[in-house]
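Asker: Let me give you the structure first, and then I'll get to my questions.
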Protein chains: 2
Amino acid sequence: MTLVTAQMSVSLDGFYAGPEHTGDGSWMDSAESAGFFRVTRWVIGAMAWRQRQGFAGGEQNTNSEIIDETFEDAGAYVMGRRMVDGGEVPWGDEPPFHAPVFVVTHRPRQTLQRQGGTSFTYVIDGVESAVEQARAAAGEKNVAVAGGGRLLRQVLHAGLLDRLDLHIVPVVLGDGLRLLDPELDLGDKEAIELTPTRVVATPEVTHIRYQVDGRAPLVLDDRGRGDTAEVV
Amino acid sequence: MTLVTAQMSVSLDGFYAGPEHTGDGSWMDSAESAGFFRVTRWVIGAMAWRQRQGFAGGEQNTNSEIIDETFEDAGAYVMGRRMVDGGEVPWGDEPPFHAPVFVVTHRPRQTLQRQGGTSFTYVIDGVESAVEQARAAAGEKNVAVAGGGRLLRQVLHAGLLDRLDLHIVPVVLGDGLRLLDPELDLGDKEAIELTPTRVVATPEVTHIRYQVDGRAPLVLDDRGRGDTAEVV
């Protein structure tokens with residue numbers, strides 16, 4: 001069965017990049033990029049990522065296997081417009097996805113066909129439509145929501161996400177673009193429950209795979225009062 | 001060698017409790033407590049915690065072993081005043097610590113001696129003094145900074161923390177009291193680096209032990225540009 005999945009590298013305090021770059025100057029010199037490159041450092045050094053980008057070198061290790069698996073698992077992608085615009089030049093004629101990409105945007109644009117099986121289809125009628133189109137294109141594989149953070153929150157908010165792979169990087173950034181935040185519109189005493197189904201530990205990053213169980217009320221658990229001997 | 005350690009249960013979005021309870025009504029009925037009881041649910045059901053509290057029941061499982069280890073590891077504690085005030089009644093005549101506790105506060109109070117080796121010494125000259133007094137009392141064991149969140153941040157901010165045990169609970173709360181936040185006063189392109197030294201996975205919670213390496217600048221890692229074949 002096709003699952004809707006997402007994966008993201010985050011700092012220990014929940015940021016996937018530094019504070020948003022809004023002023024003048026180069027993004028590469030910004031605090032946003034400094035945070036982004038820190039939390040994705042484990043990716044940049046991995047052979048699987050470098051091969052997909054056409055770069056030499058890299059390490060063949062557990063982190064590289066995780067990246068290989070992530071690419072292999074995806075039959076189609078959903079991405080935000082800002083991410084695709086930023087990737088258009090560095091990804092070049094043969095982007096690393098080798099699968100259809102559905103781009104959530106407000107501005108229509110003709111579908112781009114790239115070498116190696118990657119295409120970019122611009123979807124203007126919302127995130128649910130993009131996920132549906134990706135599901136139809138994914139065949140037996142999964143749909144990968146590949147970022148940015150706002151798109152991932154929208155998919156989670158809409159109850160469309162089945163699986164979340166978090167790559168938790170051992171650094172505290174203190175400020176930046178937060179993956180999970182109040183945009184989720186959770187009610188008072190309401191939460192999103194998940195279940196960890198796999199944990200892979202490396203010195204550079206802890207990979208935790210979560211099954212998303214969905215919204216649930218926070219009920220008072222009063223076993224801590226000690227006036228019952230029964231543990232449910 | 002005595003280490004200064006801290007441990008805290010947090011939601012996947014970094015909260016150790018729901019939004020702070022400030023108005024009327026019972027704390028037990030507040031959103032703050034609903035979040036707190038959700039992230040500490042794995043503790044409440046564990047036999048090791050229940051035994052220390054004098055409660056019946058509980059499960060003897062990996063989570064219970066983690067709690068046992070946490071108590072065994074600590075030769076002395078540092079706590080915030082709010083936490084100790086809140087615990088005074090439920091902890092009763094024989095609090096679960098069985099070791100000296102140093103309470104960081106602005107209001108002097110006479111040292112309290114409790115049964116089972118627990119004492120509460122009120123320290124009014126700051127967190128560094130409290131940590132030093134706890135270190136002197138801990139013998140060969142470690143100093144445990146046991147909360148709340150603000151005290152833990154103060155210890156981290158002051159560069160006093162050697163080890164951080166995070167218990168990451170698979171729930172998104174959306175809002176609440178955040179363990180790590182801008183109070184850390186990190187500079188632009190500055191971070192606190194850590195190294196994960198142990199990961200213990202259970203269905204209820206992921207236990208990650210971090211060595212705190214300290215503040216470091218975020219340097220641009222440009223291996224992702226692909227114009228070098230060398231991977232450092």
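Just so we're on the same page: first chain in the structure tokens is A, next is B, and so on; residues restart at 1 for each chain, and ligands are numbered from 1 in the order they show up.
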Matching every Cα in sequence order between the two identical chains, what are the coordinates of chain A once fitted onto chain B? Write them as a PDB file with C-alpha atoms, in the first residue's frame.

Answerer:
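Output below, filename superposed03.pdb:
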```
ATOM      1  CA  MET A   1      34.811  11.783  37.904  1.00  0.00           C
ATOM      2  CA  THR A   2      31.617  13.511  38.894  1.00  0.00           C
ATOM      3  CA  LEU A   3      29.595  14.720  35.925  1.00  0.00           C
ATOM      4  CA  VAL A   4      26.860  17.335  35.946  1.00  0.00           C
ATOM      5  CA  THR A   5      23.910  15.601  34.300  1.00  0.00           C
ATOM      6  CA  ALA A   6      20.321  16.467  33.491  1.00  0.00           C
ATOM      7  CA  GLN A   7      17.402  14.496  32.183  1.00  0.00           C
ATOM      8  CA  MET A   8      14.032  15.550  30.896  1.00  0.00           C
ATOM      9  CA  SER A   9      11.041  14.080  29.097  1.00  0.00           C
ATOM     10  CA  VAL A  10      10.013  16.148  26.099  1.00  0.00           C
ATOM     11  CA  SER A  11       7.463  15.920  23.326  1.00  0.00           C
ATOM     12  CA  LEU A  12       8.621  15.560  19.741  1.00  0.00           C
ATOM     13  CA  ASP A  13       8.165  19.314  19.375  1.00  0.00           C
ATOM     14  CA  GLY A  14      10.312  20.026  22.431  1.00  0.00           C
ATOM     15  CA  PHE A  15       7.800  20.729  25.215  1.00  0.00           C
ATOM     16  CA  TYR A  16       8.041  19.306  28.730  1.00  0.00           C
ATOM     17  CA  ALA A  17       4.545  20.501  29.688  1.00  0.00           C
ATOM     18  CA  GLY A  18       1.549  22.250  28.136  1.00  0.00           C
ATOM     19  CA  PRO A  19       1.155  26.072  28.121  1.00  0.00           C
ATOM     20  CA  GLU A  20       1.940  27.561  31.550  1.00  0.00           C
ATOM     21  CA  HIS A  21      -0.968  27.530  33.989  1.00  0.00           C
ATOM     22  CA  THR A  22      -1.447  31.093  35.178  1.00  0.00           C
ATOM     23  CA  GLY A  23      -5.170  31.646  35.722  1.00  0.00           C
ATOM     24  CA  ASP A  24      -7.606  30.340  38.273  1.00  0.00           C
ATOM     25  CA  GLY A  25      -8.550  26.730  38.617  1.00  0.00           C
ATOM     26  CA  SER A  26      -6.608  23.659  39.552  1.00  0.00           C
ATOM     27  CA  TRP A  27      -3.214  22.912  38.012  1.00  0.00           C
ATOM     28  CA  MET A  28      -4.357  19.305  37.695  1.00  0.00           C
ATOM     29  CA  ASP A  29      -7.102  20.434  35.296  1.00  0.00           C
ATOM     30  CA  SER A  30      -4.850  22.744  33.267  1.00  0.00           C
ATOM     31  CA  ALA A  31      -3.449  22.340  29.762  1.00  0.00           C
ATOM     32  CA  GLU A  32       0.011  22.619  31.387  1.00  0.00           C
ATOM     33  CA  SER A  33      -0.563  19.486  33.430  1.00  0.00           C
ATOM     34  CA  ALA A  34      -2.230  17.667  30.512  1.00  0.00           C
ATOM     35  CA  GLY A  35       0.980  18.105  28.505  1.00  0.00           C
ATOM     36  CA  PHE A  36       3.185  17.305  31.501  1.00  0.00           C
ATOM     37  CA  PHE A  37       1.344  14.070  32.251  1.00  0.00           C
ATOM     38  CA  ARG A  38       1.474  13.035  28.593  1.00  0.00           C
ATOM     39  CA  VAL A  39       5.261  13.386  28.309  1.00  0.00           C
ATOM     40  CA  THR A  40       5.833  11.686  31.682  1.00  0.00           C
ATOM     41  CA  ARG A  41       3.348   8.876  31.091  1.00  0.00           C
ATOM     42  CA  TRP A  42       6.185   6.410  30.470  1.00  0.00           C
ATOM     43  CA  VAL A  43       7.519   7.229  33.959  1.00  0.00           C
ATOM     44  CA  ILE A  44       4.237   6.913  35.824  1.00  0.00           C
ATOM     45  CA  GLY A  45       3.723   3.339  34.661  1.00  0.00           C
ATOM     46  CA  ALA A  46       7.234   2.136  35.438  1.00  0.00           C
ATOM     47  CA  MET A  47       7.827  -0.053  38.471  1.00  0.00           C
ATOM     48  CA  ALA A  48      11.080   1.722  39.416  1.00  0.00           C
ATOM     49  CA  TRP A  49       9.302   5.051  39.762  1.00  0.00           C
ATOM     50  CA  ARG A  50       6.314   3.605  41.591  1.00  0.00           C
ATOM     51  CA  GLN A  51       8.534   1.816  44.100  1.00  0.00           C
ATOM     52  CA  ARG A  52      10.425   5.008  44.827  1.00  0.00           C
ATOM     53  CA  GLN A  53       7.115   6.764  45.409  1.00  0.00           C
ATOM     54  CA  GLY A  54       5.813   3.948  47.587  1.00  0.00           C
ATOM     55  CA  PHE A  55       3.111   3.061  45.056  1.00  0.00           C
ATOM     56  CA  ALA A  56       2.017  -0.442  44.132  1.00  0.00           C
ATOM     57  CA  GLY A  57       2.098  -1.959  40.664  1.00  0.00           C
ATOM     58  CA  GLY A  58       3.989  -0.883  37.605  1.00  0.00           C
ATOM     59  CA  GLU A  59       5.807  -2.577  34.793  1.00  0.00           C
ATOM     60  CA  GLN A  60       9.355  -3.923  35.002  1.00  0.00           C
ATOM     61  CA  ASN A  61      10.651  -3.041  31.551  1.00  0.00           C
ATOM     62  CA  THR A  62      13.391  -1.119  29.769  1.00  0.00           C
ATOM     63  CA  ASN A  63      11.850   2.191  30.758  1.00  0.00           C
ATOM     64  CA  SER A  64      11.846   1.120  34.388  1.00  0.00           C
ATOM     65  CA  GLU A  65      15.541   0.215  34.130  1.00  0.00           C
ATOM     66  CA  ILE A  66      16.293   3.669  32.753  1.00  0.00           C
ATOM     67  CA  ILE A  67      14.601   5.240  35.774  1.00  0.00           C
ATOM     68  CA  ASP A  68      16.471   2.962  38.185  1.00  0.00           C
ATOM     69  CA  GLU A  69      19.733   3.927  36.537  1.00  0.00           C
ATOM     70  CA  THR A  70      18.876   7.633  36.759  1.00  0.00           C
ATOM     71  CA  PHE A  71      18.264   7.441  40.498  1.00  0.00           C
ATOM     72  CA  GLU A  72      21.327   5.216  41.146  1.00  0.00           C
ATOM     73  CA  ASP A  73      23.570   7.533  39.169  1.00  0.00           C
ATOM     74  CA  ALA A  74      22.833  10.643  41.237  1.00  0.00           C
ATOM     75  CA  GLY A  75      24.818  11.438  44.375  1.00  0.00           C
ATOM     76  CA  ALA A  76      23.204  14.861  44.743  1.00  0.00           C
ATOM     77  CA  TYR A  77      20.488  16.896  43.012  1.00  0.00           C
ATOM     78  CA  VAL A  78      19.979  20.473  41.919  1.00  0.00           C
ATOM     79  CA  MET A  79      16.373  21.591  41.515  1.00  0.00           C
ATOM     80  CA  GLY A  80      14.376  24.766  40.965  1.00  0.00           C
ATOM     81  CA  ARG A  81      12.243  26.193  43.747  1.00  0.00           C
ATOM     82  CA  ARG A  82       8.947  25.792  41.888  1.00  0.00           C
ATOM     83  CA  MET A  83       9.561  22.090  41.379  1.00  0.00           C
ATOM     84  CA  VAL A  84      10.442  21.501  45.024  1.00  0.00           C
ATOM     85  CA  ASP A  85       7.465  23.511  46.283  1.00  0.00           C
ATOM     86  CA  GLY A  86       5.190  21.463  44.037  1.00  0.00           C
ATOM     87  CA  GLY A  87       6.755  18.210  45.215  1.00  0.00           C
ATOM     88  CA  GLU A  88       6.792  18.922  48.943  1.00  0.00           C
ATOM     89  CA  VAL A  89       3.373  17.431  49.654  1.00  0.00           C
ATOM     90  CA  PRO A  90       3.307  14.497  47.192  1.00  0.00           C
ATOM     91  CA  TRP A  91       6.874  13.438  48.041  1.00  0.00           C
ATOM     92  CA  GLY A  92       5.893  13.164  51.744  1.00  0.00           C
ATOM     93  CA  ASP A  93       8.161  12.218  54.656  1.00  0.00           C
ATOM     94  CA  GLU A  94      10.465  10.053  52.554  1.00  0.00           C
ATOM     95  CA  PRO A  95      11.095  11.693  49.166  1.00  0.00           C
ATOM     96  CA  PRO A  96      12.341   9.428  46.375  1.00  0.00           C
ATOM     97  CA  PHE A  97      15.815  10.983  46.028  1.00  0.00           C
ATOM     98  CA  HIS A  98      17.699   9.504  49.024  1.00  0.00           C
ATOM     99  CA  ALA A  99      20.418  12.119  48.514  1.00  0.00           C
ATOM    100  CA  PRO A 100      21.042  15.819  49.214  1.00  0.00           C
ATOM    101  CA  VAL A 101      19.008  18.223  47.069  1.00  0.00           C
ATOM    102  CA  PHE A 102      20.206  21.805  46.472  1.00  0.00           C
ATOM    103  CA  VAL A 103      17.348  24.149  45.637  1.00  0.00           C
ATOM    104  CA  VAL A 104      18.042  27.281  43.571  1.00  0.00           C
ATOM    105  CA  THR A 105      15.888  30.090  44.963  1.00  0.00           C
ATOM    106  CA  HIS A 106      15.787  33.779  45.857  1.00  0.00           C
ATOM    107  CA  ARG A 107      14.046  33.155  49.198  1.00  0.00           C
ATOM    108  CA  PRO A 108      16.171  31.761  52.059  1.00  0.00           C
ATOM    109  CA  ARG A 109      14.784  28.813  54.006  1.00  0.00           C
ATOM    110  CA  GLN A 110      16.233  26.483  56.616  1.00  0.00           C
ATOM    111  CA  THR A 111      17.532  23.141  55.359  1.00  0.00           C
ATOM    112  CA  LEU A 112      14.917  20.370  55.546  1.00  0.00           C
ATOM    113  CA  GLN A 113      15.995  16.901  56.641  1.00  0.00           C
ATOM    114  CA  ARG A 114      13.774  14.089  55.414  1.00  0.00           C
ATOM    115  CA  GLN A 115      13.802  10.345  55.972  1.00  0.00           C
ATOM    116  CA  GLY A 116      15.840   8.033  53.757  1.00  0.00           C
ATOM    117  CA  GLY A 117      18.775  10.402  53.257  1.00  0.00           C
ATOM    118  CA  THR A 118      17.004  13.198  51.381  1.00  0.00           C
ATOM    119  CA  SER A 119      17.680  16.783  52.460  1.00  0.00           C
ATOM    120  CA  PHE A 120      16.680  20.094  50.855  1.00  0.00           C
ATOM    121  CA  THR A 121      19.263  22.884  51.111  1.00  0.00           C
ATOM    122  CA  TYR A 122      18.128  26.287  49.818  1.00  0.00           C
ATOM    123  CA  VAL A 123      20.829  28.090  47.846  1.00  0.00           C
ATOM    124  CA  ILE A 124      20.340  31.829  47.301  1.00  0.00           C
ATOM    125  CA  ASP A 125      23.629  32.755  45.609  1.00  0.00           C
ATOM    126  CA  GLY A 126      22.917  31.313  42.187  1.00  0.00           C
ATOM    127  CA  VAL A 127      22.965  28.226  40.057  1.00  0.00           C
ATOM    128  CA  GLU A 128      26.744  27.919  39.920  1.00  0.00           C
ATOM    129  CA  SER A 129      26.955  27.838  43.699  1.00  0.00           C
ATOM    130  CA  ALA A 130      24.207  25.200  43.857  1.00  0.00           C
ATOM    131  CA  VAL A 131      26.033  23.030  41.323  1.00  0.00           C
ATOM    132  CA  GLU A 132      29.317  23.405  43.275  1.00  0.00           C
ATOM    133  CA  GLN A 133      27.661  22.460  46.565  1.00  0.00           C
ATOM    134  CA  ALA A 134      26.008  19.470  44.907  1.00  0.00           C
ATOM    135  CA  ARG A 135      29.323  18.411  43.405  1.00  0.00           C
ATOM    136  CA  ALA A 136      30.942  18.466  46.839  1.00  0.00           C
ATOM    137  CA  ALA A 137      28.086  16.366  48.242  1.00  0.00           C
ATOM    138  CA  ALA A 138      27.900  13.836  45.371  1.00  0.00           C
ATOM    139  CA  GLY A 139      31.024  11.853  46.252  1.00  0.00           C
ATOM    140  CA  GLU A 140      31.918   9.513  43.388  1.00  0.00           C
ATOM    141  CA  LYS A 141      28.444   9.809  41.880  1.00  0.00           C
ATOM    142  CA  ASN A 142      27.049  12.455  39.551  1.00  0.00           C
ATOM    143  CA  VAL A 143      25.164  15.677  40.112  1.00  0.00           C
ATOM    144  CA  ALA A 144      21.665  15.494  38.624  1.00  0.00           C
ATOM    145  CA  VAL A 145      19.952  18.695  37.538  1.00  0.00           C
ATOM    146  CA  ALA A 146      16.388  17.509  37.932  1.00  0.00           C
ATOM    147  CA  GLY A 147      14.371  20.447  36.622  1.00  0.00           C
ATOM    148  CA  GLY A 148      12.431  22.458  35.904  1.00  0.00           C
ATOM    149  CA  GLY A 149      13.188  23.475  32.376  1.00  0.00           C
ATOM    150  CA  ARG A 150      14.357  26.995  33.194  1.00  0.00           C
ATOM    151  CA  LEU A 151      16.968  25.687  35.649  1.00  0.00           C
ATOM    152  CA  LEU A 152      18.178  23.183  33.071  1.00  0.00           C
ATOM    153  CA  ARG A 153      18.611  26.004  30.523  1.00  0.00           C
ATOM    154  CA  GLN A 154      20.505  28.090  33.095  1.00  0.00           C
ATOM    155  CA  VAL A 155      22.930  25.243  33.727  1.00  0.00           C
ATOM    156  CA  LEU A 156      23.355  24.669  29.988  1.00  0.00           C
ATOM    157  CA  HIS A 157      23.748  28.417  29.369  1.00  0.00           C
ATOM    158  CA  ALA A 158      26.450  28.636  32.047  1.00  0.00           C
ATOM    159  CA  GLY A 159      28.422  25.839  30.378  1.00  0.00           C
ATOM    160  CA  LEU A 160      28.095  23.637  33.470  1.00  0.00           C
ATOM    161  CA  LEU A 161      26.292  20.669  31.898  1.00  0.00           C
ATOM    162  CA  ASP A 162      28.334  17.591  30.926  1.00  0.00           C
ATOM    163  CA  ARG A 163      25.544  15.196  29.970  1.00  0.00           C
ATOM    164  CA  LEU A 164      21.928  15.523  28.853  1.00  0.00           C
ATOM    165  CA  ASP A 165      19.514  12.588  28.808  1.00  0.00           C
ATOM    166  CA  LEU A 166      16.493  13.390  26.686  1.00  0.00           C
ATOM    167  CA  HIS A 167      13.472  11.124  26.759  1.00  0.00           C
ATOM    168  CA  ILE A 168      11.751  11.946  23.471  1.00  0.00           C
ATOM    169  CA  VAL A 169       8.057  11.087  23.648  1.00  0.00           C
ATOM    170  CA  PRO A 170       6.219  10.432  20.347  1.00  0.00           C
ATOM    171  CA  VAL A 171       3.618  13.161  20.637  1.00  0.00           C
ATOM    172  CA  VAL A 172       3.264  16.641  19.131  1.00  0.00           C
ATOM    173  CA  LEU A 173       1.741  19.068  21.674  1.00  0.00           C
ATOM    174  CA  GLY A 174       1.785  22.172  19.451  1.00  0.00           C
ATOM    175  CA  ASP A 175       2.284  24.599  22.366  1.00  0.00           C
ATOM    176  CA  GLY A 176       3.615  24.618  25.899  1.00  0.00           C
ATOM    177  CA  LEU A 177       6.729  25.041  28.026  1.00  0.00           C
ATOM    178  CA  ARG A 178       9.720  24.502  25.801  1.00  0.00           C
ATOM    179  CA  LEU A 179      12.895  22.964  27.153  1.00  0.00           C
ATOM    180  CA  LEU A 180      15.336  24.571  24.714  1.00  0.00           C
ATOM    181  CA  ASP A 181      14.654  28.079  23.497  1.00  0.00           C
ATOM    182  CA  PRO A 182      16.149  31.521  22.842  1.00  0.00           C
ATOM    183  CA  GLU A 183      16.907  32.091  26.568  1.00  0.00           C
ATOM    184  CA  LEU A 184      20.108  30.263  25.718  1.00  0.00           C
ATOM    185  CA  ASP A 185      21.415  33.539  24.234  1.00  0.00           C
ATOM    186  CA  LEU A 186      23.254  31.908  21.371  1.00  0.00           C
ATOM    187  CA  GLY A 187      24.874  34.321  18.973  1.00  0.00           C
ATOM    188  CA  ASP A 188      24.221  34.561  15.248  1.00  0.00           C
ATOM    189  CA  LYS A 189      25.792  31.445  13.645  1.00  0.00           C
ATOM    190  CA  GLU A 190      26.591  30.011  17.063  1.00  0.00           C
ATOM    191  CA  ALA A 191      25.328  26.665  18.364  1.00  0.00           C
ATOM    192  CA  ILE A 192      25.709  24.215  21.217  1.00  0.00           C
ATOM    193  CA  GLU A 193      27.208  20.989  19.901  1.00  0.00           C
ATOM    194  CA  LEU A 194      26.508  17.604  21.462  1.00  0.00           C
ATOM    195  CA  THR A 195      27.379  13.982  20.728  1.00  0.00           C
ATOM    196  CA  PRO A 196      24.880  11.164  21.175  1.00  0.00           C
ATOM    197  CA  THR A 197      26.572   8.425  23.207  1.00  0.00           C
ATOM    198  CA  ARG A 198      23.641   6.053  23.769  1.00  0.00           C
ATOM    199  CA  VAL A 199      20.205   5.508  22.263  1.00  0.00           C
ATOM    200  CA  VAL A 200      17.623   3.209  23.850  1.00  0.00           C
ATOM    201  CA  ALA A 201      14.432   2.674  21.849  1.00  0.00           C
ATOM    202  CA  THR A 202      11.080   1.629  23.312  1.00  0.00           C
ATOM    203  CA  PRO A 203       7.591   2.023  21.832  1.00  0.00           C
ATOM    204  CA  GLU A 204       6.677   4.645  24.444  1.00  0.00           C
ATOM    205  CA  VAL A 205       9.782   6.840  24.331  1.00  0.00           C
ATOM    206  CA  THR A 206      13.232   7.145  22.748  1.00  0.00           C
ATOM    207  CA  HIS A 207      16.003   7.702  25.307  1.00  0.00           C
ATOM    208  CA  ILE A 208      18.993   9.595  23.901  1.00  0.00           C
ATOM    209  CA  ARG A 209      22.046  10.342  26.018  1.00  0.00           C
ATOM    210  CA  TYR A 210      24.129  13.308  24.853  1.00  0.00           C
ATOM    211  CA  GLN A 211      27.574  14.418  25.835  1.00  0.00           C
ATOM    212  CA  VAL A 212      27.543  18.238  25.825  1.00  0.00           C
ATOM    213  CA  ASP A 213      30.521  19.438  23.804  1.00  0.00           C
ATOM    214  CA  GLY A 214      29.730  23.134  24.261  1.00  0.00           C
ATOM    215  CA  ARG A 215      29.325  26.308  22.243  1.00  0.00           C
ATOM    216  CA  ALA A 216      30.827  26.417  18.776  1.00  0.00           C
ATOM    217  CA  PRO A 217      30.530  28.638  15.691  1.00  0.00           C
ATOM    218  CA  LEU A 218      28.513  27.357  12.716  1.00  0.00           C
ATOM    219  CA  VAL A 219      31.058  27.234   9.928  1.00  0.00           C
ATOM    220  CA  LEU A 220      29.972  26.970   6.299  1.00  0.00           C
ATOM    221  CA  ASP A 221      30.316  23.429   5.036  1.00  0.00           C
ATOM    222  CA  ASP A 222      30.477  23.836   1.262  1.00  0.00           C
ATOM    223  CA  ARG A 223      31.082  20.220   0.307  1.00  0.00           C
ATOM    224  CA  GLY A 224      27.520  20.332  -1.053  1.00  0.00           C
ATOM    225  CA  ARG A 225      28.663  22.590  -3.875  1.00  0.00           C
ATOM    226  CA  GLY A 226      30.370  19.631  -5.444  1.00  0.00           C
ATOM    227  CA  ASP A 227      33.316  21.565  -6.784  1.00  0.00           C
ATOM    228  CA  THR A 228      35.719  19.605  -4.596  1.00  0.00           C
ATOM    229  CA  ALA A 229      36.303  15.901  -4.860  1.00  0.00           C
ATOM    230  CA  GLU A 230      37.875  15.775  -1.422  1.00  0.00           C
ATOM    231  CA  VAL A 231      35.738  14.937   1.566  1.00  0.00           C
ATOM    232  CA  VAL A 232      37.207  16.130   4.836  1.00  0.00           C
TER     233      VAL A 232
END
```

Asker: Among region 2-47 of chain B, which residues carry a DSSP assignment of helix (DSSP H, G or I), reported as a PDB file with C-alpha atoms, in the first residue's frame?

Answerer:
```
ATOM      1  CA  TRP B  27      -3.195  22.883  38.015  1.00  0.00           C
ATOM      2  CA  MET B  28      -4.335  19.272  37.705  1.00  0.00           C
ATOM      3  CA  ASP B  29      -7.084  20.406  35.313  1.00  0.00           C
ATOM      4  CA  ALA B  31      -3.444  22.326  29.777  1.00  0.00           C
ATOM      5  CA  GLU B  32       0.016  22.609  31.391  1.00  0.00           C
ATOM      6  CA  SER B  33      -0.558  19.474  33.436  1.00  0.00           C
ATOM      7  CA  ALA B  34      -2.205  17.655  30.508  1.00  0.00           C
ATOM      8  CA  GLY B  35       0.982  18.101  28.494  1.00  0.00           C
ATOM      9  CA  PHE B  36       3.202  17.290  31.496  1.00  0.00           C
ATOM     10  CA  PHE B  37       1.361  14.060  32.262  1.00  0.00           C
ATOM     11  CA  ARG B  38       1.477  13.032  28.594  1.00  0.00           C
ATOM     12  CA  VAL B  39       5.271  13.388  28.316  1.00  0.00           C
ATOM     13  CA  ARG B  41       3.330   8.876  31.086  1.00  0.00           C
ATOM     14  CA  TRP B  42       6.188   6.408  30.483  1.00  0.00           C
ATOM     15  CA  VAL B  43       7.514   7.237  33.975  1.00  0.00           C
ATOM     16  CA  ILE B  44       4.229   6.917  35.847  1.00  0.00           C
ATOM     17  CA  MET B  47       7.821  -0.039  38.467  1.00  0.00           C
TER      18      MET B  47
END
```

Asker: Can you list, as a ChimeraX atom specification, every residue of region 22-180 of chain A that DSSP puts in strand (DSSP E)?

Answerer: /A:74-80,100-104,112-113,119-123,142-145,163-169,171-172,177-178

Asker: Can you spit out the residues from that selection as a CSV table (one decimal), in the first residue's frame, using C-alpha atoms?

Answerer:
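Output saved as part.csv:
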```
chain,number,residue,atom,x,y,z
A,74,ALA,CA,9.7,7.1,-3.2
A,75,GLY,CA,7.7,6.6,-6.3
A,76,ALA,CA,6.6,10.3,-6.4
A,77,TYR,CA,7.4,13.5,-4.6
A,78,VAL,CA,5.5,16.5,-3.3
A,79,MET,CA,7.5,19.6,-2.7
A,80,GLY,CA,6.9,23.3,-2.0
A,100,PRO,CA,7.6,12.6,-10.8
A,101,VAL,CA,7.6,15.7,-8.5
A,102,PHE,CA,4.4,17.6,-7.7
A,103,VAL,CA,5.0,21.2,-6.7
A,104,VAL,CA,2.5,23.0,-4.5
A,112,LEU,CA,9.1,20.4,-16.8
A,113,GLN,CA,10.5,17.1,-18.1
A,119,SER,CA,9.4,15.7,-13.9
A,120,PHE,CA,8.0,18.8,-12.1
A,121,THR,CA,4.3,19.2,-12.3
A,122,TYR,CA,2.9,22.5,-10.8
A,123,VAL,CA,-0.2,22.0,-8.8
A,142,ASN,CA,5.4,5.7,-1.5
A,143,VAL,CA,4.7,9.4,-1.8
A,144,ALA,CA,7.5,11.4,-0.3
A,145,VAL,CA,6.8,14.9,1.0
A,163,ARG,CA,5.0,8.2,8.3
A,164,LEU,CA,7.5,10.8,9.5
A,165,ASP,CA,11.2,10.1,9.4
A,166,LEU,CA,13.1,12.6,11.6
A,167,HIS,CA,16.8,12.8,11.5
A,168,ILE,CA,17.7,14.4,14.9
A,169,VAL,CA,21.0,16.2,14.7
A,171,VAL,CA,23.1,20.5,17.9
A,172,VAL,CA,21.1,23.3,19.6
A,177,LEU,CA,12.8,27.8,11.1
A,178,ARG,CA,11.0,25.3,13.2
```
